[in-house]
$ cat target.json   # JSON, C-alpha atoms
[["chain", "number", "residue", "atom", "x", "y", "z"],
["A", 1, "MET", "CA", 34.97, -19.49, 40.83],
["A", 2, "ARG", "CA", 33.94, -16.03, 42.09],
["A", 3, "TYR", "CA", 31.39, -17.61, 44.45],
["A", 4, "VAL", "CA", 33.73, -20.31, 45.75],
["A", 5, "THR", "CA", 35.14, -19.40, 49.14],
["A", 6, "GLU", "CA", 36.85, -22.66, 49.92],
["A", 7, "GLY", "CA", 37.24, -25.91, 48.02],
["A", 8, "TYR", "CA", 40.23, -28.19, 48.06],
["A", 9, "ALA", "CA", 41.33, -31.81, 48.13],
["A", 10, "GLY", "CA", 44.20, -33.22, 50.11],
["A", 11, "ILE", "CA", 45.70, -36.00, 52.09],
["A", 12, "HIS", "CA", 46.61, -36.39, 55.76],
["A", 13, "LEU", "CA", 49.79, -38.24, 56.68],
["A", 14, "ASN", "CA", 50.08, -39.65, 60.17],
["A", 15, "LYS", "CA", 53.68, -38.53, 60.63],
["A", 16, "MET", "CA", 55.17, -36.39, 63.42],
["A", 17, "HIS", "CA", 52.05, -34.76, 64.91],
["A", 18, "GLY", "CA", 50.38, -34.66, 61.51],
["A", 19, "ILE", "CA", 51.11, -33.59, 57.91],
["A", 20, "ASN", "CA", 48.45, -32.17, 55.56],
["A", 21, "LEU", "CA", 48.88, -31.68, 51.80],
["A", 22, "ASP", "CA", 46.11, -29.60, 50.17],
["A", 23, "PHE", "CA", 45.39, -28.44, 46.60],
["A", 24, "GLY", "CA", 42.67, -25.99, 45.58],
["A", 25, "VAL", "CA", 41.19, -22.80, 47.04],
["A", 26, "PHE", "CA", 41.83, -22.40, 50.76],
["A", 27, "LYS", "CA", 41.59, -19.60, 53.28],
["A", 28, "SER", "CA", 44.85, -17.78, 53.65],
["A", 29, "TYR", "CA", 44.76, -16.82, 57.34],
["A", 30, "VAL", "CA", 46.86, -13.76, 56.58],
["A", 31, "GLY", "CA", 45.45, -11.02, 58.77],
["A", 32, "LEU", "CA", 44.08, -11.72, 62.22],
["A", 33, "LEU", "CA", 40.35, -11.81, 61.46],
["A", 34, "SER", "CA", 38.75, -14.88, 59.92],
["A", 35, "TYR", "CA", 36.71, -15.02, 56.74],
["A", 36, "ASN", "CA", 33.93, -16.40, 58.97],
["A", 37, "ASN", "CA", 32.36, -13.52, 60.87],
["A", 38, "PHE", "CA", 31.05, -15.98, 63.44],
["A", 39, "GLU", "CA", 34.60, -16.52, 64.68],
["A", 40, "ASN", "CA", 35.52, -12.84, 64.98],
["A", 41, "TRP", "CA", 35.51, -10.49, 67.92],
["A", 42, "ASN", "CA", 33.98, -7.70, 65.86],
["A", 43, "TYR", "CA", 32.00, -7.31, 62.64],
["A", 44, "GLN", "CA", 33.97, -4.59, 60.78],
["A", 45, "PRO", "CA", 37.62, -5.58, 60.20],
["A", 46, "SER", "CA", 40.37, -3.03, 60.72],
["A", 47, "PHE", "CA", 42.39, -1.79, 57.73],
["A", 48, "THR", "CA", 45.10, -4.40, 58.36],
["A", 49, "SER", "CA", 42.78, -7.35, 57.83],
["A", 50, "ASP", "CA", 40.65, -5.60, 55.20],
["A", 51, "ASN", "CA", 43.67, -5.24, 52.89],
["A", 52, "THR", "CA", 45.26, -8.68, 53.27],
["A", 53, "PRO", "CA", 44.07, -11.83, 51.44],
["A", 54, "TRP", "CA", 41.14, -13.91, 52.55],
["A", 55, "PHE", "CA", 41.97, -16.82, 50.24],
["A", 56, "PHE", "CA", 44.79, -18.39, 48.25],
["A", 57, "THR", "CA", 44.65, -20.70, 45.21],
["A", 58, "GLY", "CA", 47.30, -23.38, 44.79],
["A", 59, "ALA", "CA", 48.96, -25.86, 47.10],
["A", 60, "ARG", "CA", 49.97, -25.87, 50.74],
["A", 61, "ALA", "CA", 51.75, -28.24, 53.11],
["A", 62, "GLN", "CA", 51.05, -28.14, 56.84],
["A", 63, "LEU", "CA", 53.57, -29.79, 59.15],
["A", 64, "PHE", "CA", 53.09, -30.22, 62.90],
["A", 65, "PRO", "CA", 56.51, -31.11, 64.38],
["A", 66, "THR", "CA", 55.03, -30.86, 67.89],
["A", 67, "ASP", "CA", 51.56, -30.39, 69.34],
["A", 68, "LYS", "CA", 52.40, -26.69, 69.87],
["A", 69, "LEU", "CA", 54.01, -25.79, 66.53],
["A", 70, "LYS", "CA", 52.67, -25.62, 62.96],
["A", 71, "LEU", "CA", 54.77, -24.95, 59.85],
["A", 72, "GLU", "CA", 52.87, -24.14, 56.65],
["A", 73, "PHE", "CA", 54.30, -23.68, 53.15],
["A", 74, "TRP", "CA", 52.48, -22.14, 50.13],
["A", 75, "LEU", "CA", 52.89, -22.41, 46.37],
["A", 76, "ILE", "CA", 50.07, -20.31, 44.95],
["A", 77, "ASN", "CA", 48.83, -18.35, 41.92],
["A", 78, "GLY", "CA", 49.35, -15.02, 43.66],
["A", 79, "TRP", "CA", 47.91, -12.49, 46.08],
["A", 80, "GLN", "CA", 44.23, -13.43, 46.36],
["A", 81, "THR", "CA", 43.81, -14.39, 42.72],
["A", 82, "TYR", "CA", 42.56, -17.47, 40.89],
["A", 83, "GLY", "CA", 45.00, -17.04, 38.00],
["A", 84, "MET", "CA", 48.68, -16.08, 37.76],
["A", 85, "PHE", "CA", 49.34, -12.57, 36.42],
["A", 86, "ASN", "CA", 52.92, -13.41, 35.43],
["A", 87, "GLU", "CA", 54.98, -16.54, 34.84],
["A", 88, "MET", "CA", 56.14, -17.03, 38.43],
["A", 89, "PRO", "CA", 53.88, -18.38, 41.19],
["A", 90, "GLY", "CA", 53.81, -16.82, 44.64],
["A", 91, "THR", "CA", 55.41, -18.56, 47.61],
["A", 92, "GLY", "CA", 54.98, -18.19, 51.32],
["A", 93, "VAL", "CA", 55.48, -19.67, 54.75],
["A", 94, "GLN", "CA", 53.56, -19.45, 58.00],
["A", 95, "VAL", "CA", 54.64, -20.37, 61.52],
["A", 96, "GLN", "CA", 52.16, -20.70, 64.38],
["A", 97, "TRP", "CA", 53.36, -21.40, 67.90],
["A", 98, "ARG", "CA", 51.14, -22.02, 70.91],
["A", 99, "PRO", "CA", 53.50, -22.45, 73.87],
["A", 100, "LYS", "CA", 50.60, -22.42, 76.34],
["A", 101, "GLU", "CA", 46.87, -22.90, 76.19],
["A", 102, "ASN", "CA", 46.25, -19.15, 76.55],
["A", 103, "MET", "CA", 48.83, -17.91, 74.00],
["A", 104, "SER", "CA", 49.09, -17.98, 70.22],
["A", 105, "PHE", "CA", 51.83, -16.40, 68.08],
["A", 106, "LEU", "CA", 51.71, -16.36, 64.29],
["A", 107, "THR", "CA", 53.92, -15.01, 61.53],
["A", 108, "SER", "CA", 53.35, -15.26, 57.77],
["A", 109, "SER", "CA", 55.61, -14.16, 54.91],
["A", 110, "TYR", "CA", 54.78, -13.98, 51.21],
["A", 111, "ILE", "CA", 56.76, -13.27, 48.02],
["A", 112, "GLY", "CA", 55.11, -12.92, 44.62],
["A", 113, "TRP", "CA", 55.01, -11.16, 41.26],
["A", 114, "ASP", "CA", 51.48, -9.81, 41.30],
["A", 115, "THR", "CA", 51.37, -6.70, 39.08],
["A", 116, "PRO", "CA", 49.78, -7.50, 35.68],
["A", 117, "ASN", "CA", 52.15, -7.06, 32.72],
["A", 118, "THR", "CA", 55.01, -6.15, 35.07],
["A", 119, "PRO", "CA", 56.91, -9.40, 35.65],
["A", 120, "ASP", "CA", 59.99, -7.71, 37.14],
["A", 121, "ARG", "CA", 58.08, -6.14, 40.06],
["A", 122, "ILE", "CA", 58.30, -8.24, 43.21],
["A", 123, "ARG", "CA", 56.04, -8.06, 46.25],
["A", 124, "PHE", "CA", 56.96, -9.01, 49.81],
["A", 125, "HIS", "CA", 54.57, -9.03, 52.76],
["A", 126, "THR", "CA", 54.81, -10.18, 56.36],
["A", 127, "ASP", "CA", 51.91, -10.49, 58.80],
["A", 128, "ASN", "CA", 52.57, -11.00, 62.51],
["A", 129, "SER", "CA", 50.10, -11.36, 65.36],
["A", 130, "ALA", "CA", 49.76, -12.47, 68.97],
["A", 131, "VAL", "CA", 46.63, -13.39, 70.90],
["A", 132, "ILE", "CA", 46.92, -13.68, 74.67],
["A", 133, "ARG", "CA", 44.19, -14.48, 77.19],
["A", 134, "TYR", "CA", 45.06, -12.83, 80.50],
["A", 135, "ILE", "CA", 41.91, -13.52, 82.54],
["A", 136, "ASN", "CA", 40.20, -16.90, 82.83],
["A", 137, "LYS", "CA", 37.71, -17.17, 85.71],
["A", 138, "PRO", "CA", 34.81, -19.30, 84.42],
["A", 139, "ASN", "CA", 32.92, -19.05, 87.71],
["A", 140, "SER", "CA", 33.05, -15.26, 87.88],
["A", 141, "SER", "CA", 29.73, -13.47, 87.55],
["A", 142, "VAL", "CA", 31.43, -10.29, 86.26],
["A", 143, "ILE", "CA", 34.49, -10.59, 83.95],
["A", 144, "SER", "CA", 34.97, -14.29, 83.35],
["A", 145, "LYS", "CA", 37.50, -14.04, 80.51],
["A", 146, "ALA", "CA", 39.63, -11.37, 78.84],
["A", 147, "ALA", "CA", 42.09, -11.42, 75.95],
["A", 148, "PHE", "CA", 43.90, -9.04, 73.63],
["A", 149, "SER", "CA", 45.27, -9.31, 70.12],
["A", 150, "ILE", "CA", 48.00, -7.27, 68.48],
["A", 151, "THR", "CA", 48.93, -7.41, 64.80],
["A", 152, "ALA", "CA", 51.63, -5.71, 62.72],
["A", 153, "ASP", "CA", 52.05, -5.98, 58.95],
["A", 154, "ALA", "CA", 54.85, -4.74, 56.72],
["A", 155, "GLY", "CA", 55.56, -5.12, 53.03],
["A", 156, "PHE", "CA", 56.77, -3.51, 49.84],
["A", 157, "GLU", "CA", 56.97, -3.72, 46.07],
["A", 158, "SER", "CA", 60.19, -3.20, 44.12],
["A", 159, "GLY", "CA", 61.09, -3.18, 40.43],
["A", 160, "GLY", "CA", 59.12, -2.17, 37.37],
["A", 161, "GLY", "CA", 59.48, 1.56, 38.08],
["A", 162, "VAL", "CA", 59.03, 1.56, 41.86],
["A", 163, "VAL", "CA", 61.24, 1.06, 44.91],
["A", 164, "ALA", "CA", 60.41, -0.20, 48.37],
["A", 165, "PHE", "CA", 61.31, 2.90, 50.40],
["A", 166, "ASN", "CA", 62.78, 6.39, 49.99],
["A", 167, "GLY", "CA", 61.37, 6.91, 46.52],
["A", 168, "ASP", "CA", 61.12, 10.13, 44.53],
["A", 169, "SER", "CA", 58.84, 11.60, 41.88],
["A", 170, "ILE", "CA", 60.49, 9.53, 39.14],
["A", 171, "THR", "CA", 60.75, 6.21, 41.01],
["A", 172, "PRO", "CA", 58.06, 6.27, 43.73],
["A", 173, "ALA", "CA", 58.10, 4.15, 46.86],
["A", 174, "GLN", "CA", 55.49, 1.45, 47.35],
["A", 175, "ASN", "CA", 55.19, -0.13, 50.78],
["A", 176, "PHE", "CA", 52.65, -1.26, 53.34],
["A", 177, "LEU", "CA", 52.84, -0.59, 57.08],
["A", 178, "SER", "CA", 49.89, -1.41, 59.28],
["A", 179, "PHE", "CA", 49.07, -2.07, 62.91],
["A", 180, "MET", "CA", 45.99, -2.98, 64.96],
["A", 181, "PHE", "CA", 45.10, -3.79, 68.56],
["A", 182, "TYR", "CA", 41.91, -5.22, 70.05],
["A", 183, "ASN", "CA", 40.83, -6.19, 73.55],
["A", 184, "ARG", "CA", 37.83, -8.32, 74.47],
["A", 185, "PHE", "CA", 36.00, -9.04, 77.73],
["A", 186, "TRP", "CA", 33.55, -11.89, 78.29],
["A", 187, "PHE", "CA", 30.96, -11.59, 81.08],
["A", 188, "GLY", "CA", 29.08, -14.04, 83.29],
["A", 189, "THR", "CA", 29.55, -17.70, 84.05],
["A", 190, "ASN", "CA", 28.10, -18.66, 80.65],
["A", 191, "GLN", "CA", 30.38, -16.16, 78.84],
["A", 192, "ASN", "CA", 27.60, -15.34, 76.39],
["A", 193, "TRP", "CA", 28.05, -11.56, 76.64],
["A", 194, "ALA", "CA", 31.19, -9.85, 75.32],
["A", 195, "TRP", "CA", 32.56, -6.36, 74.73],
["A", 196, "THR", "CA", 35.36, -5.58, 72.24],
["A", 197, "PHE", "CA", 37.21, -2.34, 71.54],
["A", 198, "GLY", "CA", 40.22, -1.50, 69.41],
["A", 199, "GLY", "CA", 41.42, -0.14, 66.10],
["A", 200, "GLY", "CA", 44.31, 0.25, 63.74],
["A", 201, "THR", "CA", 46.21, 2.33, 61.23],
["A", 202, "ILE", "CA", 47.48, 1.86, 57.67],
["A", 203, "HIS", "CA", 50.14, 3.48, 55.45],
["A", 204, "ASN", "CA", 50.16, 2.28, 51.83],
["A", 205, "PRO", "CA", 51.80, 4.61, 49.25],
["A", 206, "GLY", "CA", 50.96, 3.40, 45.77],
["A", 207, "ARG", "CA", 47.72, 1.93, 47.11],
["A", 208, "TYR", "CA", 48.76, -1.43, 45.68],
["A", 209, "LEU", "CA", 46.90, -3.29, 48.46],
["A", 210, "ALA", "CA", 44.10, -0.80, 49.13],
["A", 211, "LEU", "CA", 40.57, -2.01, 48.48],
["A", 212, "LEU", "CA", 39.13, 0.43, 45.94],
["A", 213, "PRO", "CA", 35.58, 1.84, 45.98],
["A", 214, "ALA", "CA", 33.24, 0.74, 43.22],
["A", 215, "GLY", "CA", 33.70, 2.55, 39.92],
["A", 216, "ASN", "CA", 36.29, 2.76, 37.17],
["A", 217, "GLY", "CA", 39.05, 5.17, 38.22],
["A", 218, "VAL", "CA", 37.15, 6.53, 41.22],
["A", 219, "VAL", "CA", 40.31, 6.04, 43.29],
["A", 220, "THR", "CA", 43.56, 5.57, 41.37],
["A", 221, "GLN", "CA", 46.41, 3.15, 42.08],
["A", 222, "ASN", "CA", 49.23, 5.00, 40.35],
["A", 223, "PRO", "CA", 52.75, 4.58, 41.75],
["A", 224, "GLY", "CA", 53.30, 7.17, 44.44],
["A", 225, "ASP", "CA", 49.61, 7.80, 45.21],
["A", 226, "LYS", "CA", 49.32, 8.21, 48.98],
["A", 227, "PHE", "CA", 46.92, 6.24, 51.15],
["A", 228, "ASP", "CA", 46.81, 6.63, 54.93],
["A", 229, "GLY", "CA", 44.02, 5.77, 57.32],
["A", 230, "TRP", "CA", 43.05, 4.87, 60.85],
["A", 231, "ASP", "CA", 39.98, 3.34, 62.47],
["A", 232, "PHE", "CA", 38.40, 2.62, 65.85],
["A", 233, "SER", "CA", 35.50, 0.41, 66.83],
["A", 234, "THR", "CA", 33.73, -0.84, 69.92],
["A", 235, "GLY", "CA", 30.82, -3.22, 70.22],
["A", 236, "PHE", "CA", 28.81, -5.66, 72.31],
["A", 237, "GLN", "CA", 27.88, -9.19, 71.31],
["A", 238, "PHE", "CA", 25.31, -11.58, 72.77],
["A", 239, "MET", "CA", 25.82, -15.28, 72.07],
["A", 240, "PRO", "CA", 22.77, -17.20, 73.32],
["A", 241, "ASN", "CA", 24.22, -20.46, 72.00],
["A", 242, "GLU", "CA", 27.12, -21.70, 69.88],
["A", 243, "LEU", "CA", 25.14, -21.22, 66.64],
["A", 244, "MET", "CA", 24.07, -17.59, 66.93],
["A", 245, "THR", "CA", 25.64, -14.16, 67.63],
["A", 246, "VAL", "CA", 23.78, -10.87, 67.93],
["A", 247, "GLY", "CA", 25.83, -7.67, 67.97],
["A", 248, "VAL", "CA", 25.81, -3.89, 67.89],
["A", 249, "GLU", "CA", 28.99, -2.01, 66.96],
["A", 250, "TYR", "CA", 30.15, 1.59, 66.51],
["A", 251, "VAL", "CA", 32.83, 2.14, 63.85],
["A", 252, "SER", "CA", 34.81, 5.30, 63.04],
["A", 253, "ARG", "CA", 37.09, 5.23, 59.97],
["A", 254, "HIS", "CA", 39.22, 7.99, 58.42],
["A", 255, "THR", "CA", 41.50, 8.33, 55.37],
["A", 256, "ASN", "CA", 43.65, 11.05, 53.82],
["A", 257, "ILE", "CA", 41.71, 10.92, 50.52],
["A", 258, "PRO", "CA", 37.97, 10.75, 49.72],
["A", 259, "TYR", "CA", 37.39, 7.02, 50.04],
["A", 260, "PHE", "CA", 34.09, 6.13, 51.75],
["A", 261, "SER", "CA", 30.64, 6.37, 50.20],
["A", 262, "GLY", "CA", 28.92, 9.69, 50.81],
["A", 263, "HIS", "CA", 25.20, 10.40, 50.72],
["A", 264, "GLY", "CA", 25.26, 10.66, 46.93],
["A", 265, "GLY", "CA", 26.59, 7.13, 46.41],
["A", 266, "VAL", "CA", 29.37, 5.88, 44.13],
["A", 267, "THR", "CA", 27.48, 4.58, 41.06],
["A", 268, "SER", "CA", 26.27, 6.59, 38.10],
["A", 269, "PRO", "CA", 22.49, 7.01, 37.67],
["A", 270, "ASN", "CA", 22.74, 5.36, 34.21],
["A", 271, "GLY", "CA", 25.53, 2.86, 34.84],
["A", 272, "TRP", "CA", 29.18, 3.46, 34.01],
["A", 273, "ASN", "CA", 28.42, 5.51, 30.86],
["A", 274, "ASN", "CA", 28.63, 9.29, 30.81],
["A", 275, "PRO", "CA", 25.25, 11.00, 31.03],
["A", 276, "ILE", "CA", 24.01, 12.06, 27.59],
["A", 277, "GLY", "CA", 25.41, 15.47, 26.68],
["A", 278, "ASN", "CA", 27.86, 15.56, 29.61],
["A", 279, "PRO", "CA", 31.46, 14.73, 28.63],
["A", 280, "ILE", "CA", 32.63, 14.78, 32.27],
["A", 281, "GLY", "CA", 30.41, 11.96, 33.48],
["A", 282, "TYR", "CA", 29.12, 11.18, 36.92],
["A", 283, "ALA", "CA", 31.39, 11.93, 39.89],
["A", 284, "ALA", "CA", 31.12, 9.51, 42.80],
["A", 285, "ASP", "CA", 30.32, 11.09, 46.16],
["A", 286, "LEU", "CA", 33.28, 10.03, 48.30],
["A", 287, "VAL", "CA", 34.20, 11.34, 51.75],
["A", 288, "LYS", "CA", 37.25, 11.09, 54.00],
["A", 289, "ASN", "CA", 35.42, 10.11, 57.19],
["A", 290, "GLU", "CA", 32.88, 7.45, 57.99],
["A", 291, "GLU", "CA", 30.88, 6.92, 61.17],
["A", 292, "ARG", "CA", 28.51, 3.99, 61.32],
["A", 293, "ILE", "CA", 26.52, 1.85, 63.74],
["A", 294, "ILE", "CA", 26.23, -1.79, 62.73],
["A", 295, "PHE", "CA", 23.52, -4.16, 63.94],
["A", 296, "SER", "CA", 24.27, -7.78, 63.08],
["A", 297, "THR", "CA", 22.84, -11.25, 63.54],
["A", 298, "ILE", "CA", 25.12, -14.09, 62.52],
["A", 299, "PHE", "CA", 24.08, -17.75, 62.24],
["A", 300, "ARG", "CA", 26.16, -20.88, 61.87],
["A", 301, "PHE", "CA", 24.67, -24.02, 60.34]]

$ encode --input "target.json" --output "structure tokens"
Amino acid sequence: MRYVTEGYAGIHLNKMHGINLDFGVFKSYVGLLSYNNFENWNYQPSFTSDNTPWFFTGARAQLFPTDKLKLEFWLINGWQTYGMFNEMPGTGVQVQWRPKENMSFLTSSYIGWDTPNTPDRIRFHTDNSAVIRYINKPNSSVISKAAFSITADAGFESGGGVVAFNGDSITPAQNFLSFMFYNRFWFGTNQNWAWTFGGGTIHNPGRYLALLPAGNGVVTQNPGDKFDGWDFSTGFQFMPNELMTVGVEYVSRHTNIPYFSGHGGVTSPNGWNNPIGNPIGYAADLVKNEERIIFSTIFRF
């Protein structure tokens, strides 16, 4: 299953403006950016999208009461996992409202028990975003279209030795607060050139949602461990047709702990074993700041 991105079976009911019932592995749509890079405004996701699920495993029901409103309900194994860690499945709901052709508002909420061997620890997460197009001049030879997106996430864990907020050294706090903003301009009558800029910030004590660098124990996830970061990116994309995107992007990311791969890399020269005669082992070269330029070519078939 590790190579399966999406695979489900379902049924469509021709009621209201449509009802879909699906079972299997499906994309979660928590976080603004899509799993498909072709659909995104930029190549490198911000911390908000990087640390929220790309897929869910279980069942969902999508209801469309009107042609502008979608209600979606989840009964799933957990937070981006193929199997349940504890005896209770995760549940969630998503509401997407598109009052006008140029506006989209979305909110998702999730509750689950996702810490292995800790069935009394509950997790709550809410993801909220808005996308608004504020310029639409298809015949303009300069800026033909412009839009912005804003996303805010909040969540926490409670029980099993942690509290949501205002913790102490004995019972640490574990929560997730994140925000990001992006703006995009399209140029020319064909709208095949675009420029995007934006960034975000993350606060995740306990690191329970932080993506960890490769290596056993390189970055810990103990209750109370601090994790804070912020990022900025800007980039141009050229889309000669609907099947191809060529881009160049500058990304600047920063964290309060050594987190990104340094020049020395993160893997041991002889695997995960300690070097012979050295009881300490190999220390990954991690740094707090990362600057990169990304060149990308993305195809859709």

$ closest_residue --input "target.json" --among "A:Phe185, A:Phe232, A:Phe47, A:Phe26" --to "Ala152 of chain A" --atoms "all atoms listed in the file"
A:Phe47

$ atom_distance --input "target.json" --atom1 "atom CA of Asn40 of chain A" --atom2 "atom CA of Thr196 of chain A"
10.3 Å

$ residues_near_point --input "target.json" --point "(54.2, -10.1, 41.0)" --cutoff "9 Å" --atoms "only C-alpha atoms" --output "PyMOL selection string"
chain A and resi 78-79+84-90+111-116+118-123+157

$ residues_around --input "target.json" --residues "Thr91 of chain A" --least-positions-apart "2" --cutoff "6 Å" --atoms "all atoms listed in the file" --output "VMD selection string"
chain A and resid 74 to 75 110 to 111

$ atom_distance --input "target.json" --atom1 "atom CA of Tyr250 of chain A" --atom2 "atom CA of Trp186 of chain A"
18.2 Å
